[in-house]
Structure formats: structure tokens, C-alpha cells
Amino acid sequence: MDAVIDLGIGGMTCASCVSRVERVLRKQPGVAEASVNLATESARVTLAGEAAEDTLLRLKRAVRDAGYEPRSPMATQEEAPAGWLGVPRDAWPVVVALLLAAPLALPMAGDLFGKHWMLPAWAQFLLATPVQFVLGARFYRAGWHALKALTGNMELLVAIGTTAGWSLSTWLWWRAEPGEMVHLYYEASAVVIALVLLGKWLESRAKRQATDAIRALHALRPERAHLLPDGVKRTELTDVAVDELLPGDLVRVLPGERFPADGEVLIGESQADESMLTGESMPVPKQPGDGVTGGAINGDGSLELRVRAVGAQSVLSHIIALVQDAQAAKAPVQRLVDRVAAVFVPVVLLIAMATLGVWWQLGAPIETALLNAVSVLVIACPCALGLATPTAIMSGTGVAARHGILIKDPVALEMAHRADTVAFDKTGTLTEGHPRLRLIEVAEGVDELATLQAAAALQSQSTHPLALAVIEAAQAQGLRVQADGARDVQAVPGRGLSGRVAGAWLALGSLRWMRELTISSPLLLDRGAVLEQQGGTVSVLASGSGEGVWTPLALLVFGDEAKAGASVALEQLREQGLRLRMVSGDSRGAALAMGHLLGLRADQGEVLAEVLPGDKAQAIEALREGGRHTVVMVGDGVNDAPALAAADVGIAMSHSRGGGSDVAMHAAGITLMRGDVALVGAALDISRRTVVKIRQNLFWAFAYNTAGIPLAALGFLSPVVAGAAMALSSVCVVTNALLLRRWQPPMR
């Protein structure tokens, strides 16, 4: 199995840096793929096979040799520590640069009021030089590494441009006669560096805001747990670190505390606030037998739990992993940006050289030609291009996670906004998923209770909703259901199961399956067909030899309830112009009856019945009509996994009684953490809004460079204005993406 390594990378500033780091990592032995994210300043490296002991060290060395700083993947998401006078430590270079550059920029303000004055040349030199070579040293280091690798990046452009401005000023000062007043351009280099540093600092702060969702999820983990005595090694209540908990441990959770791990309530009654995990604002009642999720907040009751999952196996860890995977992955549109970034800096350098040459040939002073070339270099930073897509994805997936929508990868995000068809599984998705046994009709001379007990015994090892309904009904009648009450049990997918109970062969399954078998008397089956037409889900219990003729013993009729608000949610999807389909394995009568309750239009083909689990994927392919339609499939169980994988976008919906099926979650691109049908519309809505933000950011990033470079080359922008515009462009792109954090699911 391929191994995956996450690695933090410091020092990246633009899309060119991303392309360069990816190339370096892909050249390392054993690396199959590398994806670098500028917004999170991290890399995800996929290895061809298991990782060797020194793999991580080799990757870190490669990153460092390329001129960047390897670090923890979470380092970008951590707040910068406070420094002197309460100013964050990473802000001090910006503060010092602005203080030194301010006196150089003040004469520019005087020009606006018709008062021209200038600091002495020696004072300008003393102010600009530390900004250029001390505070701006990072640009030289990164630019030098880029040159060694025969590539370019933002730092190289800034280093060349500001060095040209500083050198021009120093040369003009050096050649001037004593006492001669000459116009110097130290303010251009110093102010540009100060503004770029300010822009990168504001950008880093904004990027940390985009990772709020991840930090909030990590903060849900409590540090301590109250471990109950086991009567052997522990004789009293002990406080331990949550990391020390093991499955099977017994813990006590006091009112107001967070659950330390996933578990099952053994003693006590309370409520759980699961809003940060599922987006559900109302507390969820908890009593013995109910499951709880680590990170949720206990209500006003004290509970004793048995730990079921800890660490990486917990629901919270799965949620964090899904969000991190989505934020670390690249959207397909990012490939275009990567291709542009690969040639962007060399092209800009050529444009700057052409600007210098053309202005000089036209007779302009060398100072004017050089300043126009510097303006081209400074304004052409590809930072905004590199941030346009990942910041929008980070914000969109983060806010979606806070409302119980986990977007697994950006591909699903991009595809979902194009959806025109939404197909739903029925049981557990549109219905409560907890069918109940409504009626038993037995053949003449057959005992009803004995039949119920035999049916429960046959299904004692099954987790199918109908099997659970039979077992529940038997227990309600006081019948004993033995876990090993049946032998030689064989399941027939989509039809039923057979086995020996108390020495007799029994088969329990759908009417469709029974008609495929050899039946001694079809009268009971005819009655079952009538009950199906009336909306019931009918199973038949029959006895036989296991291979020969089967004799129907009883009809078991089940009923399920539509989820609250499901019909309203479906109508809202229809109002958005989406085609709706319900794909069910139930009989046509039961499916049509439920479809009628949900407001689905059977006469328009919105109800597909008697679709076996193995055929659901084919049904999804048929709905796609050769790619003319983009289909979203919504399901909740293992049987839905093939259909979820076959759809353009799979949405796995969790059960109301706990987390969603792991198989369904892995097959789906989006997971809904609670079984609310309205979340389907919400998932499509946040997808559309995120894609809109990506397009807005890319448009403005491309438009900024498309307009800015010609203006700078024509002499309409000074280096200072170009520097301010360049810094502002990145901040604007990130800020625009952060607007997604205000998103709320559409109200019903």
C-alpha cells in the first residue's frame, strides 16, 4: 500500500515556488506524486510503496536544498507568538521596515501639496540600506536559490527590481558634485520592500484565519479523562491523559465536559452538544446503549461510558483527516495556474528587459527606463495566482465542516456545482432507516409467535434494517433470540437469506426472490403482492429442504417513516432546476407509496423501484446519459458504495443513530454528518459559492497582471505604486476567499 507523508514548507511566496518544490520532491527516489499547497504551506507526498526509515529526512533535505524550510505540517496554522510590546514576533521586521521607509516616503506626500523637499543623500542611504540588505535579505536568499535551480519566483523579481533602484540611487549620489542636489530613488526600493513585507504578513494572518476550521476541530479534543476503577489495577477514579485511553476502558464524563473518546453510554442520561461535529444545533439526548462522539459536549447529566474508538480511529480524527485532505489537495483548475506559473517569471524578466531597452532607445534618461523596468518586475508578482484557488477551497471546506458537511476532495467540490441530477437511496436516506414490523400474516395452522421467533433467529447475525426490525419485534413480544440460533446461513444479495433453524430449512426474503424459487402454494404470495401495492415492504418466510420445493409460512410486512423535512428539501432542489430520482431496492408498491409521501412524481420517472444493490451503479450510469448529465448520488450504507463511486459526485449521509458507514464515506466525495436531507442542498450551495470564489480570484489575479504589467511598462506606475498594488492583490484574493466563512446553509 502506498504511504503518504505530509510536510510543512516555509518560505514559499508564489505559484512559482509551488511548481519548483513539486519538481524537487518528485525527483526524490520512491516518490510517486507530490502536491504542494501555497495557502497551507504544506506538501503531500505519495510514495510508491512503504516509506523507508530515512524517507522523511531525505524529503526535508531536498526541500532545504531548494531554498525552503521544512517544518511541521501544522506550523502554518499556529498563531505567531507575541513579542516585545505585544507585537507578534513575525511582525517586527514589517514594523522596522515601515519605520525606516516612512521618512523616505514623506517627501512624496509633500509633492502632493506643492512642497518639494528631500532628506540629505547620506540620510536616505542610511535609512534605505538596512531595509534593502538586512530586512530584505530573505528576497536575496530565495532569489539565489531560484537562480541556482534555473527557475524564478517572486523574491527574484523583488530582489532584482529593488536592487536596481538602490544601485541607481547610489550611483547618482556617487557621481554628483559636492553640494549638488540630485533626485534619488532610495524610497522606491525601501518602500517596495516594506510594502511587500507588510503584504506577506497580512496574507499570512489571513491564511491562518482560513485554517480556523482545522484549529477549531483540534481544540475539541480534551486533554484529560476520568478513568473508572477496574477493581484490579485501579481501585479509585484516576485522571489520565486522553492519549492513554484504550478501547474497552470505562470513563466518567461530568456535566459540561467534552467526551474524551467515542464510546457507548452504560450508565446515566444526559444530552450531547454535537454542533461542532455535525452542525446540529439542538442537543441530542443520550441514554444507556446510545453512542457518543469524542469532542462533543456533555449536558447536565453525569455519564459512564465504555470507550469504543480512540486516536486515529475516532470520528473526530476522521473528520479532521477529511478536512485536511480536502485542503491539501489541488482542484483541477489549479493545473492551469501551475502551467502559467512555470513560465511566468522568465516572461516577466524578458518584458522588463524589453521595457528598459525600448525606453532607452526612445531617448529617455537611463533613470526613467530603469524605473519603468523596476515597476514591471515589482508589479508582476504571481502571488495572487498561487493563492486564488487554495484559499477559496480552505475557506469553503472549513465553513462546510462547521455545518456538518465534509468535502473529501476539491474534485467533488468542482463537480458538485455542475450537478443537474440528484439521485437518492430510499431507506436511511429519505426515510428514517428504522423500519418496523407492522404486520404478520401466517398460513393456516402456523403459529404466529413461533414464526416470529424463527425469523428472528434466522436473522440474528444480520445488520440489515429489516432484520433489526424483526429482532426488535420478537424481543418486544418477550421472545428469546439466540445469537447463534441459526446454522448454515447463506445470504443472497438483494433477495434474502436461508439457513437451518432448529433443524428446519428456512428462507426469508422478498416476493421477487420467492417467485424465482419453486413454491408449493402461491396463494400467500398473491396476498403479499396486494400488501405491496398498498405501500408495505413485504418479506416471505418459507420452509423447505434447502434445494427443492418451498412452502410459504408467513408474510412479514414492514413500514418506514419519511424523514422530517425531506419533502420540503426535495421540493427546494426541484425549484433549483435539478432532476430528482429515488433509487430503491424495495418493491414497486412500497417505493411508489413512499415517493408519493415525499412529493416525488412517479409519472415523470422520479421513482426507480426494485433496483438491486449491484444494479444501482448501472442505474446511475443510465442517468448520466453518456455524460450529458452530471449526477449526484446520495446514500447511507454499504450497499450504496458502488453507486456513490459511479456517480459524478457521491454524498454519503450518516445514520441518525450514529456515524455514517465507513465504506460509504470512503466511496463518496462528500459526507454529511447528520441525516438531514436539507444538507444535500446546502452541500451543493457551498460548492457553487466556493467555485464562484475560485473564479473571481483567478479572474482578478489574471486581470491584475494583464493590466498592471503594460501600465508599468508604459511608465504609468512608479515602483512604489507597483509595490503597493502587488501587496494589495494577494491580500484582496485571500480576503475575498475569507468571505466564505460567513456562509450559512440556506433556510428551509
# chains A, B, ... in the order shown; residues from 1 in each chain; ligands from 1

$ residues_around --residues "Thr427 of chain A" --least-positions-apart "6" --cutoff "9 Å" --atoms "only C-alpha atoms" --output "mmCIF file with N, CA and C atoms, in the first residue's frame"
data_model
loop_
_atom_site.group_PDB
_atom_site.id
_atom_site.type_symbol
_atom_site.label_atom_id
_atom_site.label_comp_id
_atom_site.auth_asym_id
_atom_site.auth_seq_id
_atom_site.Cartn_x
_atom_site.Cartn_y
_atom_site.Cartn_z
ATOM 1 N N GLY A 433 -34.880 5.107 8.118
ATOM 2 C CA GLY A 433 -33.948 3.987 8.109
ATOM 3 C C GLY A 433 -34.141 3.040 9.269
ATOM 4 N N HIS A 434 -35.291 3.156 9.921
ATOM 5 C CA HIS A 434 -35.573 2.290 11.069
ATOM 6 C C HIS A 434 -36.960 1.678 10.874
ATOM 7 N N PRO A 435 -37.083 0.781 9.864
ATOM 8 C CA PRO A 435 -38.397 0.189 9.600
ATOM 9 C C PRO A 435 -38.880 -0.653 10.767
ATOM 10 N N PRO A 465 -31.521 -3.403 8.077
ATOM 11 C CA PRO A 465 -32.607 -2.735 8.809
ATOM 12 C C PRO A 465 -33.846 -3.606 9.014
ATOM 13 N N ASP A 560 -41.779 2.105 7.035
ATOM 14 C CA ASP A 560 -40.776 3.087 7.441
ATOM 15 C C ASP A 560 -41.408 4.468 7.349
ATOM 16 N N SER A 584 -34.491 2.768 -5.390
ATOM 17 C CA SER A 584 -34.801 1.892 -4.262
ATOM 18 C C SER A 584 -34.803 0.436 -4.688
ATOM 19 N N ASP A 586 -36.648 -1.599 -2.960
ATOM 20 C CA ASP A 586 -37.951 -2.067 -2.499
ATOM 21 C C ASP A 586 -38.869 -2.389 -3.671
ATOM 22 N N GLY A 635 -26.471 8.460 -0.599
ATOM 23 C CA GLY A 635 -26.768 7.179 0.044
ATOM 24 C C GLY A 635 -26.192 7.126 1.433
ATOM 25 N N ASP A 636 -26.503 6.031 2.136
ATOM 26 C CA ASP A 636 -26.082 5.973 3.534
ATOM 27 C C ASP A 636 -25.466 4.650 3.942
#

$ residues_around --residues "Arg628 of chain A" --least-positions-apart "3" --cutoff "12 Å" --atoms "only C-alpha atoms" --output "VMD selection string"
chain A and resid 418 to 421 621 to 625 631 648

$ residues_around --residues "segment 25-32 of chain A" --least-positions-apart "2" --cutoff "7 Å" --atoms "only C-alpha atoms" --output "PyMOL selection string"
chain A and resi 21-23+34+45-48+59+62

$ select_by_dssp --residues "segment 239-390 of chain A" --states "strand (DSSP E or B)" --output "MDAnalysis selection string"
chainID A and resid 239:241 250:253 258 262:267 270:273 284:286 291:292 297:298 303:309

$ write_last_selection --atoms "C-alpha atoms" --output "mmCIF file, in the first residue's frame"
data_model
loop_
_atom_site.group_PDB
_atom_site.id
_atom_site.type_symbol
_atom_site.label_atom_id
_atom_site.label_comp_id
_atom_site.auth_asym_id
_atom_site.auth_seq_id
_atom_site.Cartn_x
_atom_site.Cartn_y
_atom_site.Cartn_z
ATOM 1 C CA ASP A 239 -7.349 11.210 35.822
ATOM 2 C CA VAL A 240 -5.286 10.206 32.779
ATOM 3 C CA ALA A 241 -4.247 11.799 29.515
ATOM 4 C CA LEU A 250 -14.613 2.766 31.340
ATOM 5 C CA VAL A 251 -14.680 6.534 31.820
ATOM 6 C CA ARG A 252 -16.894 9.036 33.617
ATOM 7 C CA VAL A 253 -17.907 12.288 31.931
ATOM 8 C CA ARG A 258 -16.241 17.100 26.440
ATOM 9 C CA ASP A 262 -16.016 7.682 21.011
ATOM 10 C CA GLY A 263 -17.987 5.383 23.278
ATOM 11 C CA GLU A 264 -21.244 3.817 24.397
ATOM 12 C CA VAL A 265 -23.294 5.065 27.312
ATOM 13 C CA LEU A 266 -23.518 2.467 30.093
ATOM 14 C CA ILE A 267 -25.000 4.431 32.981
ATOM 15 C CA SER A 270 -27.895 13.428 29.508
ATOM 16 C CA GLN A 271 -27.717 15.403 26.281
ATOM 17 C CA ALA A 272 -24.808 15.982 23.909
ATOM 18 C CA ASP A 273 -23.981 19.173 22.051
ATOM 19 C CA VAL A 284 -29.047 15.143 21.258
ATOM 20 C CA PRO A 285 -30.496 13.008 24.109
ATOM 21 C CA LYS A 286 -28.199 10.244 25.369
ATOM 22 C CA GLY A 291 -23.216 6.106 21.156
ATOM 23 C CA VAL A 292 -21.318 9.313 21.857
ATOM 24 C CA ILE A 297 -20.037 18.419 24.983
ATOM 25 C CA ASN A 298 -21.935 16.566 27.697
ATOM 26 C CA LEU A 303 -22.442 9.569 32.268
ATOM 27 C CA GLU A 304 -20.331 6.438 32.413
ATOM 28 C CA LEU A 305 -19.037 5.263 29.042
ATOM 29 C CA ARG A 306 -17.257 2.329 27.522
ATOM 30 C CA VAL A 307 -14.613 3.577 25.093
ATOM 31 C CA ARG A 308 -15.076 2.194 21.584
ATOM 32 C CA ALA A 309 -12.572 4.141 19.458
#

$ residues_around --residues "segment 366-380 of chain A" --least-positions-apart "4" --cutoff "6 Å" --atoms "only C-alpha atoms" --output "count of residues only"
18

$ residues_around --residues "Leu644 of chain A" --least-positions-apart "2" --cutoff "6 Å" --atoms "only C-alpha atoms" --output "number ranges by chain"
A: 633, 641-642, 646-647, 650, 667-668

$ select_by_dssp --residues "segment 94-254 of chain A" --states "alpha helix (DSSP H)" --output "ChimeraX atom specification"
/A:94-112,121-130,137-148,154-175,186-210,212-219

$ closest_atom_pairs --of "segment 188-274 of chain A" --to "segment 129-133 of chain A" --cutoff "10 Å" --atoms "only C-alpha atoms" --output "JSON lines"
{"residue": "A:Ser189", "atom": "CA", "partner": "A:Gln132", "partner_atom": "CA", "distance": 7.0}
{"residue": "A:Ala190", "atom": "CA", "partner": "A:Val131", "partner_atom": "CA", "distance": 5.8}
{"residue": "A:Val191", "atom": "CA", "partner": "A:Val131", "partner_atom": "CA", "distance": 8.8}
{"residue": "A:Val192", "atom": "CA", "partner": "A:Gln132", "partner_atom": "CA", "distance": 9.6}
{"residue": "A:Ile193", "atom": "CA", "partner": "A:Gln132", "partner_atom": "CA", "distance": 7.2}
{"residue": "A:Ala194", "atom": "CA", "partner": "A:Val131", "partner_atom": "CA", "distance": 7.6}

$ closest_residue --among "A:Val446, A:Ala364, A:Leu413, A:Leu580" --to "Gly605 of chain A" --atoms "only C-alpha atoms"
A:Leu580

$ atom_distance --atom1 "atom CA of Gly289 of chain A" --atom2 "atom CA of Gly248 of chain A"
14.5 Å

$ decode --residues "segment 172-193 of chain A" --atoms "N, CA and C atoms" --output "PDB file, in the first residue's frame"
ATOM      1  N   LEU A 172      23.916  57.621  -8.718  1.00  0.00           N
ATOM      2  CA  LEU A 172      23.640  59.041  -8.921  1.00  0.00           C
ATOM      3  C   LEU A 172      24.255  59.885  -7.800  1.00  0.00           C
ATOM      4  N   TRP A 173      24.181  59.388  -6.569  1.00  0.00           N
ATOM      5  CA  TRP A 173      24.769  60.114  -5.437  1.00  0.00           C
ATOM      6  C   TRP A 173      26.296  60.159  -5.574  1.00  0.00           C
ATOM      7  N   TRP A 174      26.869  59.036  -6.000  1.00  0.00           N
ATOM      8  CA  TRP A 174      28.324  58.944  -6.096  1.00  0.00           C
ATOM      9  C   TRP A 174      28.885  59.888  -7.166  1.00  0.00           C
ATOM     10  N   ARG A 175      28.186  60.053  -8.287  1.00  0.00           N
ATOM     11  CA  ARG A 175      28.700  60.868  -9.387  1.00  0.00           C
ATOM     12  C   ARG A 175      28.351  62.345  -9.243  1.00  0.00           C
ATOM     13  N   ALA A 176      27.478  62.683  -8.279  1.00  0.00           N
ATOM     14  CA  ALA A 176      27.066  64.079  -8.110  1.00  0.00           C
ATOM     15  C   ALA A 176      28.222  64.913  -7.565  1.00  0.00           C
ATOM     16  N   GLU A 177      28.212  66.178  -7.941  1.00  0.00           N
ATOM     17  CA  GLU A 177      29.205  67.110  -7.424  1.00  0.00           C
ATOM     18  C   GLU A 177      28.874  67.458  -5.975  1.00  0.00           C
ATOM     19  N   PRO A 178      29.894  67.780  -5.162  1.00  0.00           N
ATOM     20  CA  PRO A 178      29.633  68.178  -3.772  1.00  0.00           C
ATOM     21  C   PRO A 178      28.665  69.359  -3.712  1.00  0.00           C
ATOM     22  N   GLY A 179      27.643  69.229  -2.890  1.00  0.00           N
ATOM     23  CA  GLY A 179      26.647  70.274  -2.729  1.00  0.00           C
ATOM     24  C   GLY A 179      25.548  70.250  -3.774  1.00  0.00           C
ATOM     25  N   GLU A 180      25.686  69.394  -4.809  1.00  0.00           N
ATOM     26  CA  GLU A 180      24.665  69.316  -5.863  1.00  0.00           C
ATOM     27  C   GLU A 180      23.462  68.515  -5.368  1.00  0.00           C
ATOM     28  N   MET A 181      22.268  69.041  -5.612  1.00  0.00           N
ATOM     29  CA  MET A 181      21.034  68.341  -5.246  1.00  0.00           C
ATOM     30  C   MET A 181      20.618  67.434  -6.399  1.00  0.00           C
ATOM     31  N   VAL A 182      20.590  66.154  -6.165  1.00  0.00           N
ATOM     32  CA  VAL A 182      20.160  65.204  -7.197  1.00  0.00           C
ATOM     33  C   VAL A 182      18.957  64.422  -6.676  1.00  0.00           C
ATOM     34  N   HIS A 183      18.087  64.051  -7.605  1.00  0.00           N
ATOM     35  CA  HIS A 183      16.908  63.243  -7.214  1.00  0.00           C
ATOM     36  C   HIS A 183      17.322  61.775  -7.118  1.00  0.00           C
ATOM     37  N   LEU A 184      17.140  61.213  -5.935  1.00  0.00           N
ATOM     38  CA  LEU A 184      17.480  59.812  -5.697  1.00  0.00           C
ATOM     39  C   LEU A 184      16.206  58.980  -5.579  1.00  0.00           C
ATOM     40  N   TYR A 185      16.374  57.667  -5.676  1.00  0.00           N
ATOM     41  CA  TYR A 185      15.215  56.764  -5.701  1.00  0.00           C
ATOM     42  C   TYR A 185      15.300  55.700  -4.604  1.00  0.00           C
ATOM     43  N   TYR A 186      15.970  56.092  -3.502  1.00  0.00           N
ATOM     44  CA  TYR A 186      16.043  55.150  -2.387  1.00  0.00           C
ATOM     45  C   TYR A 186      14.649  54.792  -1.856  1.00  0.00           C
ATOM     46  N   GLU A 187      13.731  55.784  -1.913  1.00  0.00           N
ATOM     47  CA  GLU A 187      12.386  55.496  -1.394  1.00  0.00           C
ATOM     48  C   GLU A 187      11.707  54.394  -2.199  1.00  0.00           C
ATOM     49  N   ALA A 188      12.014  54.292  -3.492  1.00  0.00           N
ATOM     50  CA  ALA A 188      11.387  53.261  -4.315  1.00  0.00           C
ATOM     51  C   ALA A 188      11.750  51.870  -3.807  1.00  0.00           C
ATOM     52  N   SER A 189      13.058  51.637  -3.576  1.00  0.00           N
ATOM     53  CA  SER A 189      13.472  50.302  -3.129  1.00  0.00           C
ATOM     54  C   SER A 189      13.019  50.026  -1.701  1.00  0.00           C
ATOM     55  N   ALA A 190      13.193  51.001  -0.790  1.00  0.00           N
ATOM     56  CA  ALA A 190      12.853  50.763   0.617  1.00  0.00           C
ATOM     57  C   ALA A 190      11.354  50.600   0.811  1.00  0.00           C
ATOM     58  N   VAL A 191      10.563  51.460   0.187  1.00  0.00           N
ATOM     59  CA  VAL A 191       9.107  51.389   0.369  1.00  0.00           C
ATOM     60  C   VAL A 191       8.551  50.123  -0.268  1.00  0.00           C
ATOM     61  N   VAL A 192       9.086  49.737  -1.415  1.00  0.00           N
ATOM     62  CA  VAL A 192       8.615  48.499  -2.055  1.00  0.00           C
ATOM     63  C   VAL A 192       8.856  47.310  -1.134  1.00  0.00           C
ATOM     64  N   ILE A 193      10.072  47.210  -0.563  1.00  0.00           N
ATOM     65  CA  ILE A 193      10.358  46.091   0.340  1.00  0.00           C
ATOM     66  C   ILE A 193       9.448  46.135   1.557  1.00  0.00           C
TER      67      ILE A 193
END
